[in-house]
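> To be precise about what I am sending: the file is called target_28.cif and holds mmCIF, C-alpha atoms.
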```cif
data_coords
loop_
_atom_site.label_atom_id
_atom_site.label_comp_id
_atom_site.auth_asym_id
_atom_site.auth_seq_id
_atom_site.Cartn_x
_atom_site.Cartn_y
_atom_site.Cartn_z
CA MET J 1 85.73 2.03 -123.68
CA LYS J 2 83.87 4.46 -121.37
CA GLN J 3 80.45 5.60 -122.42
CA VAL J 4 81.56 9.22 -122.87
CA GLY J 5 84.29 8.02 -125.23
CA MET J 6 81.74 6.09 -127.25
CA ILE J 7 79.60 9.20 -127.55
CA VAL J 8 82.53 11.29 -128.78
CA LEU J 9 83.59 8.62 -131.29
CA ALA J 10 80.06 8.31 -132.63
CA GLY J 11 80.01 12.05 -133.15
CA LEU J 12 83.22 11.91 -135.15
CA LEU J 13 81.99 9.11 -137.36
CA MET J 14 78.72 10.85 -138.05
CA ALA J 15 80.69 13.86 -139.25
CA GLY J 16 81.32 12.09 -142.54
CA CYS J 17 84.04 13.95 -144.40
CA GLN J 18 84.30 16.72 -141.84
CA LYS J 19 87.60 17.22 -140.06
CA ALA J 20 88.25 15.09 -136.99
CA PRO J 21 90.66 16.10 -134.18
CA ASP J 22 92.19 12.71 -133.35
CA GLY J 23 94.47 10.45 -135.35
CA PHE J 24 94.08 6.88 -136.56
CA VAL J 25 95.66 3.64 -135.43
CA ILE J 26 95.46 0.66 -137.75
CA HIS J 27 96.03 -2.68 -136.03
CA GLY J 28 96.48 -5.04 -138.95
CA GLU J 29 96.81 -8.75 -139.52
CA VAL J 30 97.77 -10.50 -142.75
CA ASP J 31 97.00 -14.17 -143.35
CA ASN J 32 99.87 -16.27 -144.71
CA MET J 33 102.47 -13.54 -144.21
CA THR J 34 104.76 -13.76 -141.20
CA GLU J 35 107.23 -10.97 -142.00
CA GLY J 36 108.09 -8.32 -144.56
CA GLU J 37 107.07 -4.76 -145.42
CA ILE J 38 103.61 -3.40 -146.00
CA TYR J 39 102.83 0.03 -147.47
CA LEU J 40 100.07 2.49 -146.70
CA LYS J 41 99.11 4.22 -149.96
CA SER J 42 96.80 7.20 -150.43
CA PHE J 43 94.42 7.53 -153.36
CA ARG J 44 94.20 10.43 -155.78
CA ASN J 45 92.73 10.55 -159.27
CA LYS J 46 92.67 6.79 -159.89
CA MET J 47 96.22 6.34 -158.57
CA PHE J 48 97.77 5.28 -155.26
CA PHE J 49 100.84 6.95 -153.73
CA ASP J 50 103.12 5.66 -150.95
CA GLN J 51 102.52 7.38 -147.60
CA ASP J 52 104.07 5.11 -144.98
CA THR J 53 105.74 1.74 -144.46
CA ALA J 54 105.45 -0.74 -141.60
CA GLU J 55 107.13 -4.01 -140.74
CA VAL J 56 105.02 -7.14 -140.60
CA VAL J 57 106.00 -9.22 -137.57
CA ASN J 58 104.30 -12.56 -137.01
CA GLY J 59 101.61 -11.50 -139.46
CA LYS J 60 100.82 -8.26 -137.62
CA PHE J 61 101.54 -4.59 -138.29
CA VAL J 62 100.57 -1.13 -137.03
CA PHE J 63 100.14 2.21 -138.76
CA GLU J 64 99.55 5.48 -136.92
CA GLY J 65 98.79 8.88 -138.36
CA LYS J 66 96.10 11.43 -138.99
CA VAL J 67 93.79 12.20 -141.89
CA ASP J 68 91.89 15.43 -142.43
CA GLN J 69 88.80 13.37 -143.19
CA PRO J 70 87.90 9.76 -144.03
CA ALA J 71 89.66 8.84 -147.26
CA LEU J 72 90.49 5.87 -149.44
CA PHE J 73 93.84 4.17 -148.89
CA ALA J 74 95.41 0.86 -149.78
CA LEU J 75 97.47 -1.57 -147.74
CA ALA J 76 99.88 -3.12 -150.20
CA THR J 77 102.79 -5.53 -150.49
CA ASP J 78 104.55 -6.85 -153.56
CA ASP J 79 101.82 -9.51 -153.78
CA PHE J 80 98.56 -7.67 -153.13
CA SER J 81 96.82 -4.34 -152.68
CA ALA J 82 93.83 -4.18 -150.34
CA GLN J 83 91.68 -1.04 -150.35
CA LEU J 84 89.89 0.47 -147.37
CA PHE J 85 88.86 3.81 -145.93
CA VAL J 86 91.04 5.29 -143.19
CA GLU J 87 89.44 7.51 -140.58
CA ASN J 88 90.65 8.95 -137.29
CA THR J 89 89.85 6.11 -134.93
CA GLU J 90 91.32 2.78 -133.86
CA MET J 91 90.75 0.29 -136.66
CA ASN J 92 91.24 -3.46 -136.53
CA VAL J 93 92.00 -4.69 -140.04
CA ARG J 94 92.38 -8.24 -141.28
CA ILE J 95 93.59 -9.07 -144.79
CA SER J 96 93.10 -12.56 -146.19
CA ASP J 97 92.78 -14.41 -149.50
CA GLU J 98 95.87 -12.60 -150.86
CA GLY J 99 94.26 -9.23 -150.39
CA GLN J 100 90.91 -10.20 -151.88
CA THR J 101 89.14 -10.10 -148.51
CA VAL J 102 89.40 -7.20 -146.09
CA THR J 103 87.53 -6.88 -142.81
CA VAL J 104 87.60 -3.70 -140.71
CA GLU J 105 86.22 -3.31 -137.20
CA ASN J 106 85.22 0.01 -135.64
CA SER J 107 84.68 1.75 -138.99
CA PRO J 108 81.13 2.42 -140.25
CA VAL J 109 82.45 4.01 -143.44
CA ASN J 110 84.10 0.69 -144.30
CA ASP J 111 80.84 -1.13 -143.70
CA VAL J 112 79.53 0.82 -146.68
CA PHE J 113 82.74 0.70 -148.72
CA LEU J 114 83.65 -2.96 -148.25
CA GLY J 115 80.04 -4.09 -148.21
CA ASN J 116 79.60 -2.79 -151.75
CA ALA J 117 83.12 -3.30 -153.16
CA ARG J 118 82.02 -6.15 -155.44
CA LYS J 119 78.41 -5.12 -155.90
CA VAL J 120 79.28 -1.87 -157.71
CA PHE J 121 80.68 -3.92 -160.60
CA GLU J 122 77.56 -6.06 -160.97
CA GLU J 123 75.28 -5.33 -163.88
CA GLY J 124 72.28 -3.34 -162.78
CA PHE J 125 73.81 -2.01 -159.57
CA ASN J 126 71.77 1.01 -158.46
CA ILE J 127 74.10 3.74 -157.25
CA ASP J 128 71.13 6.02 -156.62
CA SER J 129 69.80 3.55 -154.05
CA LEU J 130 73.18 3.38 -152.31
CA VAL J 131 73.45 7.17 -152.08
CA SER J 132 69.84 7.42 -150.90
CA LYS J 133 70.52 4.87 -148.16
CA TYR J 134 73.83 6.39 -147.05
CA PRO J 135 73.67 10.08 -148.02
CA ASP J 136 76.25 11.09 -145.40
CA SER J 137 78.78 8.34 -146.19
CA PRO J 138 82.01 9.37 -147.96
CA ALA J 139 82.16 5.79 -149.29
CA ALA J 140 78.87 6.24 -151.16
CA ALA J 141 80.16 9.57 -152.50
CA PHE J 142 83.36 7.85 -153.60
CA TYR J 143 81.53 5.14 -155.54
CA LEU J 144 79.38 7.72 -157.31
CA TYR J 145 82.44 9.78 -158.24
CA ARG J 146 84.74 6.92 -159.15
CA PHE J 147 82.55 4.54 -161.16
CA PHE J 148 79.35 6.25 -162.23
CA THR J 149 80.30 9.65 -163.62
CA TYR J 150 80.78 7.96 -167.01
CA GLN J 151 77.85 5.54 -166.72
CA LEU J 152 75.02 7.90 -165.82
CA SER J 153 73.55 10.59 -168.00
CA LEU J 154 74.32 14.11 -166.88
CA ASP J 155 70.76 14.60 -165.61
CA ASP J 156 70.83 11.34 -163.63
CA LEU J 157 74.27 12.17 -162.25
CA LYS J 158 73.03 15.55 -161.04
CA ALA J 159 69.94 14.01 -159.47
CA THR J 160 71.96 11.44 -157.55
CA ARG J 161 74.56 14.02 -156.52
CA ALA J 162 71.76 16.14 -155.05
CA LYS J 163 70.94 13.34 -152.59
CA LEU J 164 74.35 13.52 -150.89
CA SER J 165 74.29 15.19 -147.50
CA PRO J 166 75.49 18.82 -147.19
CA ALA J 167 77.82 17.48 -144.47
CA LEU J 168 79.94 16.05 -147.31
CA ALA J 169 80.48 19.41 -149.01
CA ASP J 170 84.21 19.38 -148.15
CA CYS J 171 84.71 15.71 -149.04
CA PRO J 172 87.33 15.50 -151.84
CA TYR J 173 85.25 12.97 -153.78
CA VAL J 174 82.24 15.31 -153.72
CA LYS J 175 84.41 18.24 -154.81
CA ASP J 176 85.82 16.16 -157.66
CA LEU J 177 82.32 15.00 -158.55
CA ASP J 178 81.08 18.59 -158.71
CA GLY J 179 84.02 19.49 -160.93
CA ILE J 180 83.22 16.62 -163.29
CA ILE J 181 79.56 17.63 -163.48
CA LYS J 182 80.57 21.21 -164.28
CA GLN J 183 82.91 20.02 -167.01
CA LEU J 184 80.37 17.60 -168.48
CA GLU J 185 77.98 20.52 -168.90
CA HIS J 186 80.45 21.98 -171.42
CA VAL J 187 80.89 18.85 -173.54
CA GLN J 188 77.36 17.79 -174.31
CA ILE J 189 76.15 16.89 -177.80
CA GLY J 190 75.50 20.07 -179.77
CA GLN J 191 78.25 22.09 -178.11
CA VAL J 192 81.57 23.13 -179.63
CA ALA J 193 84.38 20.88 -178.41
CA PRO J 194 86.93 22.58 -176.12
CA GLU J 195 90.18 23.55 -177.82
CA PHE J 196 93.45 21.91 -176.75
CA SER J 197 97.00 21.25 -177.90
CA LEU J 198 99.10 18.16 -177.18
CA PRO J 199 102.45 16.76 -178.35
CA ASP J 200 102.38 14.15 -181.08
CA THR J 201 104.68 11.12 -181.21
CA ALA J 202 107.54 13.35 -182.39
CA GLY J 203 106.97 15.90 -179.62
CA VAL J 204 105.42 18.49 -181.94
CA SER J 205 102.44 20.36 -180.48
CA VAL J 206 99.21 19.73 -182.42
CA SER J 207 95.98 21.69 -181.85
CA LEU J 208 92.45 20.42 -182.25
CA SER J 209 91.50 23.47 -184.30
CA SER J 210 93.98 22.46 -187.00
CA PHE J 211 91.52 19.69 -187.94
CA ARG J 212 88.58 22.02 -188.57
CA GLY J 213 86.82 21.15 -191.81
CA LYS J 214 86.89 17.40 -191.12
CA TYR J 215 84.81 15.00 -189.11
CA VAL J 216 87.07 14.03 -186.21
CA LEU J 217 86.84 11.16 -183.74
CA LEU J 218 88.69 11.94 -180.52
CA ASP J 219 89.69 8.48 -179.33
CA PHE J 220 90.76 8.27 -175.66
CA TRP J 221 92.78 5.12 -174.99
CA ALA J 222 96.06 3.75 -173.56
CA SER J 223 98.46 0.92 -174.26
CA TRP J 224 97.85 -0.48 -170.75
CA CYS J 225 94.05 -0.60 -171.19
CA PRO J 226 92.85 -4.11 -172.27
CA PRO J 227 89.34 -2.93 -173.32
CA CYS J 228 90.97 -0.24 -175.46
CA ARG J 229 93.23 -2.74 -177.17
CA ARG J 230 90.26 -5.02 -177.84
CA GLU J 231 88.35 -2.12 -179.39
CA ASN J 232 91.27 -0.97 -181.56
CA PRO J 233 90.68 -3.46 -184.42
CA ASN J 234 87.12 -2.15 -184.71
CA VAL J 235 88.39 1.43 -184.83
CA VAL J 236 91.00 0.50 -187.46
CA LYS J 237 88.34 -1.04 -189.72
CA ALA J 238 86.09 1.98 -189.30
CA TYR J 239 88.96 4.31 -190.16
CA GLN J 240 89.79 2.36 -193.30
CA GLN J 241 86.14 2.42 -194.32
CA TYR J 242 85.52 6.15 -193.82
CA LYS J 243 88.89 7.93 -194.08
CA ASP J 244 88.09 9.05 -197.63
CA LYS J 245 84.84 10.69 -196.52
CA ASN J 246 86.39 13.73 -194.86
CA PHE J 247 86.91 11.74 -191.65
CA THR J 248 89.93 11.25 -189.43
CA ILE J 249 90.85 10.16 -185.92
CA ILE J 250 92.93 11.77 -183.20
CA GLY J 251 94.18 9.23 -180.69
CA ILE J 252 94.60 10.76 -177.23
CA SER J 253 96.58 8.42 -175.02
CA LEU J 254 96.62 8.27 -171.23
CA ASP J 255 99.97 6.51 -171.32
CA LYS J 256 102.96 7.47 -169.18
CA ASP J 257 105.59 5.32 -170.90
CA LYS J 258 106.40 6.61 -174.39
CA GLU J 259 107.97 3.36 -175.60
CA LYS J 260 104.91 1.33 -174.64
CA TRP J 261 102.66 3.95 -176.25
CA LEU J 262 104.59 3.85 -179.54
CA LYS J 263 104.76 0.05 -179.52
CA ALA J 264 100.98 -0.22 -179.07
CA ILE J 265 100.42 2.20 -181.96
CA ALA J 266 102.61 0.04 -184.19
CA ASP J 267 101.32 -3.31 -182.96
CA ASP J 268 97.66 -2.32 -183.40
CA GLN J 269 98.34 -0.56 -186.73
CA LEU J 270 96.79 2.73 -185.68
CA THR J 271 97.68 4.89 -188.67
CA TRP J 272 96.16 8.21 -187.64
CA THR J 273 97.36 11.18 -185.58
CA HIS J 274 98.38 10.34 -182.01
CA LEU J 275 98.77 12.81 -179.15
CA SER J 276 99.75 12.49 -175.49
CA ASP J 277 101.40 14.45 -172.70
CA LEU J 278 102.26 11.11 -171.05
CA LYS J 279 100.70 12.19 -167.77
CA TYR J 280 98.41 9.17 -167.28
CA TRP J 281 95.22 10.24 -165.47
CA ASP J 282 96.82 13.54 -164.52
CA SER J 283 96.51 14.65 -168.13
CA GLU J 284 94.30 17.73 -168.42
CA ILE J 285 92.62 16.73 -171.68
CA PRO J 286 90.58 13.74 -170.44
CA ALA J 287 89.41 15.94 -167.57
CA LEU J 288 88.58 18.70 -170.05
CA TYR J 289 86.21 16.32 -171.79
CA GLY J 290 84.87 14.71 -168.62
CA VAL J 291 86.46 11.36 -169.47
CA ARG J 292 86.50 9.07 -166.44
CA GLY J 293 87.04 5.72 -168.10
CA ILE J 294 88.57 4.42 -171.31
CA PRO J 295 88.00 3.55 -174.07
CA ALA J 296 85.98 6.70 -174.67
CA ASN J 297 85.44 8.85 -177.73
CA VAL J 298 83.86 12.06 -178.98
CA LEU J 299 82.79 12.61 -182.59
CA LEU J 300 83.02 16.16 -183.97
CA ASP J 301 81.58 17.62 -187.15
CA PRO J 302 83.65 19.90 -189.46
CA GLU J 303 82.71 22.94 -187.35
CA GLY J 304 84.01 21.26 -184.20
CA VAL J 305 80.54 20.59 -182.79
CA ILE J 306 80.06 17.41 -180.75
CA VAL J 307 77.67 15.09 -182.57
CA ALA J 308 78.16 11.81 -180.69
CA LYS J 309 79.93 10.43 -177.61
CA ASN J 310 81.17 7.03 -176.49
CA VAL J 311 80.18 5.00 -179.53
CA THR J 312 82.07 1.71 -179.73
CA GLY J 313 81.63 -1.64 -181.40
CA LYS J 314 78.70 -1.77 -183.81
CA ALA J 315 77.46 1.62 -182.58
CA LEU J 316 80.60 3.28 -183.99
CA TRP J 317 79.84 2.00 -187.48
CA GLU J 318 76.17 2.92 -187.24
CA THR J 319 77.01 6.45 -186.07
CA LEU J 320 79.61 7.03 -188.78
CA GLU J 321 77.34 5.64 -191.49
CA LYS J 322 74.53 7.96 -190.43
CA THR J 323 76.79 11.00 -189.96
CA LEU J 324 79.05 10.70 -192.99
CA ARG J 325 76.58 9.57 -195.65
#
```
Any chance you could put this one into structure tokens?


Amino acid sequence: MKQVGMIVLAGLLMAGCQKAPDGFVIHGEVDNMTEGEIYLKSFRNKMFFDQDTAEVVNGKFVFEGKVDQPALFALATDDFSAQLFVENTEMNVRISDEGQTVTVENSPVNDVFLGNARKVFEEGFNIDSLVSKYPDSPAAAFYLYRFFTYQLSLDDLKATRAKLSPALADCPYVKDLDGIIKQLEHVQIGQVAPEFSLPDTAGVSVSLSSFRGKYVLLDFWASWCPPCRRENPNVVKAYQQYKDKNFTIIGISLDKDKEKWLKAIADDQLTWTHLSDLKYWDSEIPALYGVRGIPANVLLDPEGVIVAKNVTGKALWETLEKTLR
């Protein structure tokens, strides 16, 4: 590549989430796959959507296109899904270990993304340090938005957000992050819980305000969520213990399959009110309460004021005992 081309490319990469004029070319290789189809999937709100398909020939494939700005995608087959950032440049991608290992050449944003893909799940990972080290990286912004909006306190989240470069102002992950922060400001302990209505299992609309006068635990869960299903027996026992003390539960499911939702309710013996619009993560109610991961819950007093958030396991019992005594 000529030196002038290298200078132009460097300028594009340094632009972070700013728009770039040229398209991308992904030259890919897949270990242990000689032929078949591979899909390019875009990411939005915890979900991936098909964008393009390519044929794998002798373990190699090519995708061409254009993105407005560097963004998370997945390369997927029926056997694996490998995540990476796509940006408008030529990218050499190698997928091995059944999608568990991805290497990308000519992509600084993927140096940050792939270099921290496992670390972000390690106990004690410091997202503030990552953002401080790479303030202009959309990958660092993505990790803050995707995994730490429900782990950090609101004050810590704001402080870390402030360290992101102004060059990322138009990055979708930063915009989503700012929206979450704004919403979290309205659902802090001591504030009145936002009103909503959702269909119950029979399709009848039920409003939160109809439960005024009781202590209410808003329990965000889903049939497809293993941690939720593991927590359910604890919630059942707590309900049985405190249901006669002016206490009830509203289960708010992020399911999208009604049959699976109803089966999980029956199998786990969840004998309280259950609501869902069956829109998965596109449901407006989790977003209304700033819920980014499940299980999650919000405890309301009889006036609808938030008195506790995200209390599970032993903490649920301790909170109810203190609140309902």

> Which is closer to Leu300 of chain J than all the others in J:Ala139, J:Leu168, J:Met91, J:Leu217, using only C-alpha atoms?

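Nearest candidate to Leu300 of chain J out of J:Ala139, J:Leu168, J:Met91, J:Leu217: J:Leu217.
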
> Which neighbours of Leu275 of chain J fall inside 9 Å, counting all atoms listed in the file, when residues of the same chain fewer than 4 positions from it are skipped, and could you give them as a PDB file with C-alpha atoms, in the frame of the given file?


```
ATOM      1  CA  SER J 197      97.000  21.250-177.900  1.00  0.00           C
ATOM      2  CA  LEU J 198      99.100  18.160-177.180  1.00  0.00           C
ATOM      3  CA  PRO J 199     102.450  16.760-178.350  1.00  0.00           C
ATOM      4  CA  ASP J 200     102.380  14.150-181.080  1.00  0.00           C
ATOM      5  CA  THR J 201     104.680  11.120-181.210  1.00  0.00           C
ATOM      6  CA  GLY J 203     106.970  15.900-179.620  1.00  0.00           C
ATOM      7  CA  SER J 205     102.440  20.360-180.480  1.00  0.00           C
ATOM      8  CA  VAL J 206      99.210  19.730-182.420  1.00  0.00           C
ATOM      9  CA  ILE J 250      92.930  11.770-183.200  1.00  0.00           C
ATOM     10  CA  GLY J 251      94.180   9.230-180.690  1.00  0.00           C
ATOM     11  CA  ILE J 252      94.600  10.760-177.230  1.00  0.00           C
ATOM     12  CA  SER J 253      96.580   8.420-175.020  1.00  0.00           C
TER      13      SER J 253
END
```

> Box for segment 19-34 of chain J: with edges along x, y and z, all listed atoms inside and 6 Å added on each side, what are the centre and edge lengths in Å to one decimal, as lines of an AutoDock Vina configuration file?


```
center_x = 96.2
center_y = 0.5
center_z = -139.0
size_x = 29.2
size_y = 45.5
size_z = 23.4
```

> For atom CA of Ala117 of chain J and atom CA of Ala54 of chain J, determine how far apart the two atoms are, in Å to one decimal place.

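A separation of 25.3 Å between them.
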
> For the structure provided, state which residues fall under the PyMOL selection byres ((chain J and resi 38) around 9), and present them as a PyMOL selection string.

chain J and resi 36-37+39-40+52-56+61+75-78

> Under the rule that all atoms listed in the file are counted, which of J:Asn32, J:Thr248, J:Asn92, J:Gln51 is the nearest residue to Phe73 of chain J?

J:Gln51

> Determine the nearest neighbour of Phe43 of chain J from the options J:Ile285, J:Ala140, J:Ala71, J:Val104, counting all atoms listed in the file.

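Going through J:Ile285, J:Ala140, J:Ala71, J:Val104 one by one, the smallest distance to Phe43 of chain J is for J:Ala71.
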
> List as a PyMOL selection string the protein and nucleic acid residues near Asn234 of chain J, meaning an atom at most 12 Å away when all atoms listed in the file are counted, but skip any in the same chain fewer than 2 places from it.

chain J and resi 227-232+236-241+268-270+311-317

> Could you build a table of the residues in segment 187-260 of chain J lying no more than 12 Å from segment 145-161 of chain J, giving for each the nearest pair of atoms and their separation in Å rounded to one decimal place, using only C-alpha atoms, ordered by chain and ascending residue number, as a Markdown table?


```
| residue | atom | partner | partner_atom | distance |
| --- | --- | --- | --- | --- |
| J:Val187 | CA | J:Leu154 | CA | 10.5 |
| J:Gln188 | CA | J:Leu154 | CA | 8.8 |
| J:Ile189 | CA | J:Leu154 | CA | 11.4 |
```

> Quick one: of J:Ser96, J:Pro138, J:Lys46, J:Phe247, who's nearest to Gly293 of chain J, counting all atoms listed in the file?

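Going through J:Ser96, J:Pro138, J:Lys46, J:Phe247 one by one, the smallest distance to Gly293 of chain J is for J:Lys46.
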
> What does the distance from atom CA of Asp178 of chain J to atom CA of Leu278 of chain J come to in Å, to one decimal?

25.6 Å

> For a quick check of understanding, using all atoms listed in the file, which of J:Ser210, J:Gln69, J:Thr34, J:Thr101 has the smallest distance to Cys171 of chain J?

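Among the listed residues, the smallest separation from Cys171 of chain J belongs to J:Gln69.
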
> I need the output of the PyMOL selection byres ((chain J and resi 59) around 6) for this file as a list of chain:residue names; which residues are they?

J:Glu29, J:Val30, J:Met33, J:Thr34, J:Val56, J:Val57, J:Asn58, J:Lys60

> Show me, as a PyMOL selection string, the residues that have an atom within 7 Å of Val109 of chain J when counting all atoms listed in the file, minus same-chain residues fewer than 3 positions from it.

chain J and resi 85+112-113+137+139

> Let me make sure I understand: among J:Phe121, J:Phe24, J:Phe63, J:Phe48, which one has the smallest atom-to-atom distance to Glu87 of chain J if we use only C-alpha atoms?

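Ranking J:Phe121, J:Phe24, J:Phe63, J:Phe48 by distance to Glu87 of chain J, first place goes to J:Phe24.
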
> Would you mind reading off the distance between atom CA of Tyr280 of chain J and atom CA of Gly99 of chain J, one decimal, in Å?

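Separating atom CA of Tyr280 of chain J from atom CA of Gly99 of chain J is a distance of 25.3 Å.
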
> Any chance you could work out the residue set of the PyMOL selection byres ((chain J and resi 296) around 6) here, as an MDAnalysis selection string?

chainID J and resid 220 294:295 297 310

> How about saving the chosen residues, C-alpha atoms kept, as a compact mmCIF listing (two decimals), in the frame of the given file?


```txt
# COMPACT_ATOMS: atom_id res chain seq x y z
CA PHE J 220 90.76 8.27 -175.66
CA ILE J 294 88.57 4.42 -171.31
CA PRO J 295 88.00 3.55 -174.07
CA ASN J 297 85.44 8.85 -177.73
CA ASN J 310 81.17 7.03 -176.49
```

> As number ranges by chain, please: the residues near Arg94 of chain J (cut-off 6 Å, all atoms listed in the file, same-chain neighbours under 2 positions excluded).

J: 28-29, 102-103

> What lies within 7 Å of Gly290 of chain J using only C-alpha atoms, ignoring chain neighbours under 2 positions off, as a ChimeraX atom specification?

/J:180,183-184,286-288,292
